[in-house]
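Student: The following block contains the structure, expressed as structure tokens.
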Amino acid sequence: MKKYRYLVVFALLFLLVYATTSQSAQSKIDISPRVKGDYKVQVDISTDLPDGALLNVYLQRHGLQDDDPSVGTEYEDVSVKEGKASVLIDAESTANPSTEWIVQGKYDVVVSFPLNFWQESNLKIGQKLGFSEGDDIKAVKTISLKGNGQPQKVLGQLLQKEKGRRWVMSNVHGGYPWDPVFWSKKFGSWENFDPPTGNPKILRRMYFPSIDMTLLVNIYKNEVATWSPGRSEE
């Protein structure tokens with residue numbers, strides 16, 4: 001008898017979990033994006049999420065790798081009303097990081113229902129529907145955008161530059177070894193010039209155009225003293 005009661009309790013718990021997860025699985029977002037210009041995309045949305053649900057809408061460059069910097073637009077929030085929502089994304093005014101990066105090519109239109117602490121209304125809706133924080137409710141469609149008209153290779157150059165800058169900022173500190181062969185292989189040629197103060201036989205500035213950064217190098221100790229963005233002569 002006791003074993004039977006355990007089985008009944010287990011079955012009820014299973015049904016409860018199934019009902020919760022099935023509600024999450026049933027909720028959906030459908031999107032119909034239409035390109036309206038070099039930078040603009042009209043996004044029409046239909047969903048079974050209730051009124052007041054806040055959706056994040058944004059563009060993201062299609063095919064980026066996990067370690068690539070984000071390229072696309074900032075998030076736009078749009079509220080659901082009677083199962084519908086609509087927003088015009090202008091990648092020229094909301095470009096991330098800038099319009100220089102919005103080159104011609106494919107972009108993903110992403111619409112998601114985020115469950116996070118800064119959108120209290122979504123948390124309440126999610127709890128009511130039986131969602132858990134981390135449930136991934138989104139829709140993605142790929143479109144082609146002209147953007148600034150620059151070719152794909154321009155974006156590749158920008159990505160390499162940004163990855164190089166991030167590497168320097170994360171790894172290079174005072175006392176980091178200065179090995180001309182290593183630095184040449186990693187970032188190519190550099191411009192060598194004297195700092196405005198100090199002994200040029202000890203301190204030299206090395207500017208790398210490929211990453212647009214300057215290293216202050218102690219050539220006596222073969223160490224990097226510090227780095228700065230751009231072509232810094234200070």
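Residues in the structure tokens are named by chain (A, B, ... in the order shown) and by number from 1 within that chain; ligands are numbered from 1 in the order shown.
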So that I can check the surroundings of segment 199-209 of chain A, please list as a ChimeraX atom specification every protein, DNA and RNA residue that reaches within 12 Å of it, counting only C-alpha atoms and ignoring chain neighbours fewer than 3 positions away.

Tutor: /A:157,161,164-165,168,178,180,183-196,212-234

Student: Include N, CA and C atoms and write out the residues we just selected as a compact mmCIF listing (two decimals), in the first residue's frame.

Tutor:
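Contents of selection08.txt, as written:
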```
# COMPACT_ATOMS: atom_id res chain seq x y z
N GLN A 157 38.78 42.35 -41.29
CA GLN A 157 39.90 43.15 -40.82
C GLN A 157 39.58 43.80 -39.47
N LYS A 161 41.47 43.12 -35.89
CA LYS A 161 42.00 44.26 -35.15
C LYS A 161 41.48 44.25 -33.71
N GLY A 164 42.97 41.46 -31.65
CA GLY A 164 44.34 41.79 -31.27
C GLY A 164 44.40 42.78 -30.12
N ARG A 165 43.55 43.79 -30.18
CA ARG A 165 43.51 44.79 -29.10
C ARG A 165 43.10 44.13 -27.78
N VAL A 168 46.00 42.19 -26.28
CA VAL A 168 46.98 43.05 -25.62
C VAL A 168 46.45 43.51 -24.27
N TRP A 178 59.54 41.87 -24.31
CA TRP A 178 59.58 42.48 -25.64
C TRP A 178 60.51 41.63 -26.52
N PRO A 180 61.03 41.15 -30.46
CA PRO A 180 60.64 41.66 -31.78
C PRO A 180 60.12 40.60 -32.73
N TRP A 183 56.46 39.72 -31.62
CA TRP A 183 55.51 40.78 -31.90
C TRP A 183 55.30 40.98 -33.40
N SER A 184 56.36 40.80 -34.16
CA SER A 184 56.24 40.93 -35.61
C SER A 184 55.34 39.83 -36.18
N LYS A 185 55.51 38.61 -35.70
CA LYS A 185 54.67 37.50 -36.18
C LYS A 185 53.21 37.70 -35.77
N LYS A 186 53.00 38.27 -34.60
CA LYS A 186 51.64 38.39 -34.08
C LYS A 186 50.89 39.56 -34.70
N PHE A 187 51.55 40.71 -34.87
CA PHE A 187 50.84 41.91 -35.30
C PHE A 187 51.49 42.64 -36.48
N GLY A 188 52.51 42.05 -37.08
CA GLY A 188 53.11 42.68 -38.25
C GLY A 188 54.10 43.77 -37.91
N SER A 189 54.36 44.63 -38.87
CA SER A 189 55.38 45.68 -38.70
C SER A 189 54.85 46.78 -37.78
N TRP A 190 55.81 47.58 -37.25
CA TRP A 190 55.44 48.68 -36.36
C TRP A 190 56.31 49.89 -36.67
N GLU A 191 55.82 51.04 -36.22
CA GLU A 191 56.58 52.29 -36.32
C GLU A 191 57.31 52.52 -35.00
N ASN A 192 58.57 52.86 -35.11
CA ASN A 192 59.42 53.03 -33.94
C ASN A 192 59.73 54.51 -33.78
N PHE A 193 59.36 55.11 -32.63
CA PHE A 193 59.67 56.53 -32.44
C PHE A 193 59.96 56.82 -30.97
N ASP A 194 60.67 57.94 -30.76
CA ASP A 194 61.08 58.31 -29.41
C ASP A 194 59.92 58.91 -28.63
N PRO A 195 59.84 58.61 -27.32
CA PRO A 195 58.86 59.31 -26.47
C PRO A 195 59.31 60.76 -26.28
N PRO A 196 58.38 61.66 -25.94
CA PRO A 196 58.75 63.08 -25.79
C PRO A 196 59.69 63.33 -24.63
N ASP A 212 46.18 49.28 -34.11
CA ASP A 212 46.07 50.68 -33.72
C ASP A 212 46.36 50.86 -32.23
N MET A 213 47.52 50.34 -31.81
CA MET A 213 47.94 50.47 -30.42
C MET A 213 49.44 50.78 -30.36
N THR A 214 49.83 51.45 -29.28
CA THR A 214 51.23 51.81 -29.08
C THR A 214 51.75 51.14 -27.81
N LEU A 215 52.92 50.54 -27.92
CA LEU A 215 53.60 49.97 -26.75
C LEU A 215 54.75 50.88 -26.34
N LEU A 216 54.87 51.15 -25.06
CA LEU A 216 56.05 51.82 -24.53
C LEU A 216 56.99 50.72 -24.06
N VAL A 217 58.18 50.64 -24.71
CA VAL A 217 59.08 49.50 -24.51
C VAL A 217 60.39 49.96 -23.87
N ASN A 218 60.78 49.25 -22.84
CA ASN A 218 62.11 49.45 -22.26
C ASN A 218 63.06 48.53 -23.03
N ILE A 219 63.79 49.12 -24.00
CA ILE A 219 64.65 48.29 -24.85
C ILE A 219 65.92 47.85 -24.12
N TYR A 220 66.22 48.51 -23.00
CA TYR A 220 67.38 48.09 -22.22
C TYR A 220 67.08 46.76 -21.52
N LYS A 221 65.84 46.62 -20.98
CA LYS A 221 65.44 45.40 -20.29
C LYS A 221 64.67 44.44 -21.20
N ASN A 222 64.35 44.91 -22.42
CA ASN A 222 63.49 44.11 -23.33
C ASN A 222 62.17 43.76 -22.66
N GLU A 223 61.51 44.82 -22.14
CA GLU A 223 60.22 44.66 -21.48
C GLU A 223 59.24 45.73 -21.97
N VAL A 224 57.99 45.36 -21.99
CA VAL A 224 56.93 46.34 -22.26
C VAL A 224 56.59 47.04 -20.95
N ALA A 225 56.69 48.38 -20.97
CA ALA A 225 56.36 49.14 -19.76
C ALA A 225 54.86 49.35 -19.64
N THR A 226 54.21 49.71 -20.77
CA THR A 226 52.76 49.91 -20.78
C THR A 226 52.29 49.98 -22.22
N TRP A 227 51.00 50.08 -22.41
CA TRP A 227 50.42 50.22 -23.75
C TRP A 227 49.35 51.30 -23.72
N SER A 228 49.00 51.80 -24.90
CA SER A 228 47.94 52.80 -25.00
C SER A 228 47.25 52.65 -26.36
N PRO A 229 45.98 52.97 -26.47
CA PRO A 229 45.28 52.88 -27.74
C PRO A 229 45.71 53.98 -28.69
N GLY A 230 45.65 53.71 -29.98
CA GLY A 230 46.00 54.72 -30.98
C GLY A 230 47.49 54.91 -31.13
N ARG A 231 47.85 55.93 -31.91
CA ARG A 231 49.26 56.25 -32.13
C ARG A 231 49.67 57.30 -31.10
N SER A 232 50.06 56.84 -29.94
CA SER A 232 50.34 57.73 -28.83
C SER A 232 51.83 58.10 -28.79
N GLU A 233 52.09 59.38 -28.73
CA GLU A 233 53.47 59.87 -28.61
C GLU A 233 53.71 60.48 -27.25
N GLU A 234 52.74 60.39 -26.39
CA GLU A 234 52.88 61.00 -25.06
C GLU A 234 53.65 60.08 -24.11
```

Student: Return as a Markdown table the residues of segment 23-123 of chain A lying at most 9 Å from segment 145-148 of chain A, together with the closest atom-to-atom pair for each and the distance in Å to one decimal, counting only C-alpha atoms, with rows in chain order and ascending residue number.

Tutor:
```
| residue | atom | partner | partner_atom | distance |
| --- | --- | --- | --- | --- |
| A:Val35 | CA | A:Leu145 | CA | 7.3 |
| A:Gly37 | CA | A:Lys146 | CA | 7.9 |
| A:Asp38 | CA | A:Gly147 | CA | 4.9 |
| A:Tyr39 | CA | A:Gly147 | CA | 5.0 |
| A:Lys40 | CA | A:Leu145 | CA | 8.3 |
| A:Val41 | CA | A:Leu145 | CA | 8.6 |
| A:Ala91 | CA | A:Gly147 | CA | 7.8 |
| A:Glu92 | CA | A:Gly147 | CA | 7.9 |
| A:Thr99 | CA | A:Asn148 | CA | 7.1 |
| A:Glu100 | CA | A:Asn148 | CA | 7.2 |
| A:Trp101 | CA | A:Asn148 | CA | 8.4 |
| A:Ile102 | CA | A:Gly147 | CA | 5.4 |
| A:Val103 | CA | A:Gly147 | CA | 5.3 |
| A:Gln104 | CA | A:Lys146 | CA | 4.4 |
| A:Gly105 | CA | A:Leu145 | CA | 5.6 |
| A:Lys106 | CA | A:Leu145 | CA | 6.2 |
| A:Tyr107 | CA | A:Leu145 | CA | 6.9 |
```

Student: Pull C-alpha atoms from the residues just selected and write them as a PDB file, in the first residue's frame.

Tutor:
```pdb
ATOM      1  CA  VAL A  35      14.248  45.054 -45.390  1.00  0.00           C
ATOM      2  CA  GLY A  37      16.524  50.319 -46.779  1.00  0.00           C
ATOM      3  CA  ASP A  38      20.299  50.069 -46.504  1.00  0.00           C
ATOM      4  CA  TYR A  39      20.123  49.889 -42.712  1.00  0.00           C
ATOM      5  CA  LYS A  40      16.434  49.440 -41.846  1.00  0.00           C
ATOM      6  CA  VAL A  41      14.405  46.300 -41.170  1.00  0.00           C
ATOM      7  CA  ALA A  91      21.044  49.747 -37.788  1.00  0.00           C
ATOM      8  CA  GLU A  92      22.485  53.152 -38.679  1.00  0.00           C
ATOM      9  CA  THR A  99      28.205  51.852 -38.533  1.00  0.00           C
ATOM     10  CA  GLU A 100      31.771  51.086 -39.674  1.00  0.00           C
ATOM     11  CA  TRP A 101      31.034  47.480 -38.703  1.00  0.00           C
ATOM     12  CA  ILE A 102      27.653  47.225 -40.487  1.00  0.00           C
ATOM     13  CA  VAL A 103      29.071  46.004 -43.783  1.00  0.00           C
ATOM     14  CA  GLN A 104      27.113  44.413 -46.597  1.00  0.00           C
ATOM     15  CA  GLY A 105      26.014  40.831 -45.991  1.00  0.00           C
ATOM     16  CA  LYS A 106      23.777  38.559 -43.944  1.00  0.00           C
ATOM     17  CA  TYR A 107      22.332  39.421 -40.538  1.00  0.00           C
TER      18      TYR A 107
END
```

Student: Can you list, as an NGL selection string, every protein, DNA or RNA residue that comes within 12 Å of Gln60 of chain A when you count only C-alpha atoms, leaving out same-chain residues fewer than 5 positions away?

Tutor: :A and (65 or 68-75 or 89 or 91 or 94-97 or 101-103 or 105-111 or 140-145)

Student: Write out, as an mmCIF file, in the first residue's frame, the residues just selected, with N, CA and C atoms.

Tutor:
```cif
data_model
loop_
_atom_site.group_PDB
_atom_site.id
_atom_site.type_symbol
_atom_site.label_atom_id
_atom_site.label_comp_id
_atom_site.auth_asym_id
_atom_site.auth_seq_id
_atom_site.Cartn_x
_atom_site.Cartn_y
_atom_site.Cartn_z
ATOM 1 N N GLN A 65 31.747 33.852 -34.945
ATOM 2 C CA GLN A 65 32.234 32.797 -34.059
ATOM 3 C C GLN A 65 32.036 33.208 -32.603
ATOM 4 N N ASP A 68 34.207 36.017 -31.391
ATOM 5 C CA ASP A 68 34.166 37.267 -32.141
ATOM 6 C C ASP A 68 33.452 38.350 -31.336
ATOM 7 N N PRO A 69 33.869 39.605 -31.481
ATOM 8 C CA PRO A 69 33.111 40.696 -30.847
ATOM 9 C C PRO A 69 31.702 40.761 -31.432
ATOM 10 N N SER A 70 30.773 41.255 -30.639
ATOM 11 C CA SER A 70 29.394 41.410 -31.105
ATOM 12 C C SER A 70 29.334 42.446 -32.226
ATOM 13 N N VAL A 71 28.593 42.123 -33.279
ATOM 14 C CA VAL A 71 28.403 43.046 -34.399
ATOM 15 C C VAL A 71 26.923 43.037 -34.755
ATOM 16 N N GLY A 72 26.290 44.189 -34.718
ATOM 17 C CA GLY A 72 24.871 44.258 -35.044
ATOM 18 C C GLY A 72 24.259 45.529 -34.516
ATOM 19 N N THR A 73 23.176 45.402 -33.750
ATOM 20 C CA THR A 73 22.503 46.573 -33.190
ATOM 21 C C THR A 73 22.255 46.377 -31.700
ATOM 22 N N GLU A 74 21.956 47.491 -31.045
ATOM 23 C CA GLU A 74 21.531 47.426 -29.648
ATOM 24 C C GLU A 74 20.149 46.785 -29.573
ATOM 25 N N TYR A 75 19.784 46.303 -28.364
ATOM 26 C CA TYR A 75 18.454 45.723 -28.162
ATOM 27 C C TYR A 75 17.381 46.812 -28.239
ATOM 28 N N ILE A 89 13.805 48.400 -36.950
ATOM 29 C CA ILE A 89 15.203 48.455 -36.518
ATOM 30 C C ILE A 89 15.987 49.326 -37.494
ATOM 31 N N ALA A 91 19.674 50.121 -38.143
ATOM 32 C CA ALA A 91 21.044 49.747 -37.788
ATOM 33 C C ALA A 91 22.013 50.912 -37.918
ATOM 34 N N THR A 94 21.464 52.596 -34.300
ATOM 35 C CA THR A 94 21.646 51.728 -33.121
ATOM 36 C C THR A 94 22.767 50.713 -33.343
ATOM 37 N N ALA A 95 23.687 51.018 -34.251
ATOM 38 C CA ALA A 95 24.768 50.082 -34.581
ATOM 39 C C ALA A 95 25.633 49.767 -33.377
ATOM 40 N N ASN A 96 26.051 48.514 -33.290
ATOM 41 C CA ASN A 96 26.951 48.061 -32.226
ATOM 42 C C ASN A 96 28.102 47.291 -32.877
ATOM 43 N N PRO A 97 29.365 47.782 -32.817
ATOM 44 C CA PRO A 97 29.788 48.963 -32.065
ATOM 45 C C PRO A 97 29.627 50.291 -32.826
ATOM 46 N N TRP A 101 31.087 48.935 -38.772
ATOM 47 C CA TRP A 101 31.034 47.480 -38.703
ATOM 48 C C TRP A 101 29.854 46.896 -39.472
ATOM 49 N N ILE A 102 28.864 47.731 -39.816
ATOM 50 C CA ILE A 102 27.653 47.225 -40.487
ATOM 51 C C ILE A 102 27.916 47.151 -41.983
ATOM 52 N N VAL A 103 28.720 46.169 -42.377
ATOM 53 C CA VAL A 103 29.071 46.004 -43.783
ATOM 54 C C VAL A 103 28.000 45.186 -44.494
ATOM 55 N N GLY A 105 26.016 42.276 -46.221
ATOM 56 C CA GLY A 105 26.014 40.831 -45.991
ATOM 57 C C GLY A 105 24.789 40.366 -45.236
ATOM 58 N N LYS A 106 24.902 39.196 -44.624
ATOM 59 C CA LYS A 106 23.777 38.559 -43.944
ATOM 60 C C LYS A 106 23.766 38.910 -42.454
ATOM 61 N N TYR A 107 22.544 39.134 -41.954
ATOM 62 C CA TYR A 107 22.332 39.421 -40.538
ATOM 63 C C TYR A 107 21.164 38.586 -40.021
ATOM 64 N N ASP A 108 21.264 38.174 -38.769
ATOM 65 C CA ASP A 108 20.164 37.470 -38.118
ATOM 66 C C ASP A 108 19.269 38.479 -37.415
ATOM 67 N N VAL A 109 17.979 38.401 -37.700
ATOM 68 C CA VAL A 109 16.989 39.150 -36.930
ATOM 69 C C VAL A 109 16.597 38.261 -35.753
ATOM 70 N N VAL A 110 16.837 38.739 -34.544
ATOM 71 C CA VAL A 110 16.606 37.933 -33.346
ATOM 72 C C VAL A 110 15.523 38.594 -32.490
ATOM 73 N N VAL A 111 14.515 37.810 -32.133
ATOM 74 C CA VAL A 111 13.470 38.263 -31.211
ATOM 75 C C VAL A 111 13.405 37.255 -30.071
ATOM 76 N N VAL A 140 14.591 33.389 -34.812
ATOM 77 C CA VAL A 140 15.702 33.952 -35.587
ATOM 78 C C VAL A 140 15.427 33.748 -37.073
ATOM 79 N N LYS A 141 15.588 34.818 -37.853
ATOM 80 C CA LYS A 141 15.517 34.712 -39.309
ATOM 81 C C LYS A 141 16.653 35.531 -39.916
ATOM 82 N N THR A 142 17.202 35.042 -41.013
ATOM 83 C CA THR A 142 18.356 35.683 -41.642
ATOM 84 C C THR A 142 17.912 36.531 -42.829
ATOM 85 N N ILE A 143 18.443 37.752 -42.879
ATOM 86 C CA ILE A 143 18.151 38.663 -43.998
ATOM 87 C C ILE A 143 19.468 39.178 -44.579
ATOM 88 N N SER A 144 19.406 39.777 -45.751
ATOM 89 C CA SER A 144 20.578 40.412 -46.361
ATOM 90 C C SER A 144 20.414 41.919 -46.276
ATOM 91 N N LEU A 145 21.478 42.592 -45.858
ATOM 92 C CA LEU A 145 21.443 44.042 -45.649
ATOM 93 C C LEU A 145 22.617 44.688 -46.375
#
```

Student: Ranking A:Ala85, A:Ile137, A:Val43, A:Val80 by minimum distance to Ser121 of chain A and counting only C-alpha atoms, which one comes first?

Tutor: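 Selected residue with least distance to Ser121 of chain A: A:Val80.
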
Student: So, counting only C-alpha atoms, which residue among A:Asp67, A:Gly83, A:Asn171, A:Pro33 is closest to Ala53 of chain A?

Tutor: A:Gly83

Student: Nearest residue to Lys138 of chain A out of A:Lys124, A:His62, A:Lys28, A:Lys163, using only C-alpha atoms?

Tutor: A:Lys28
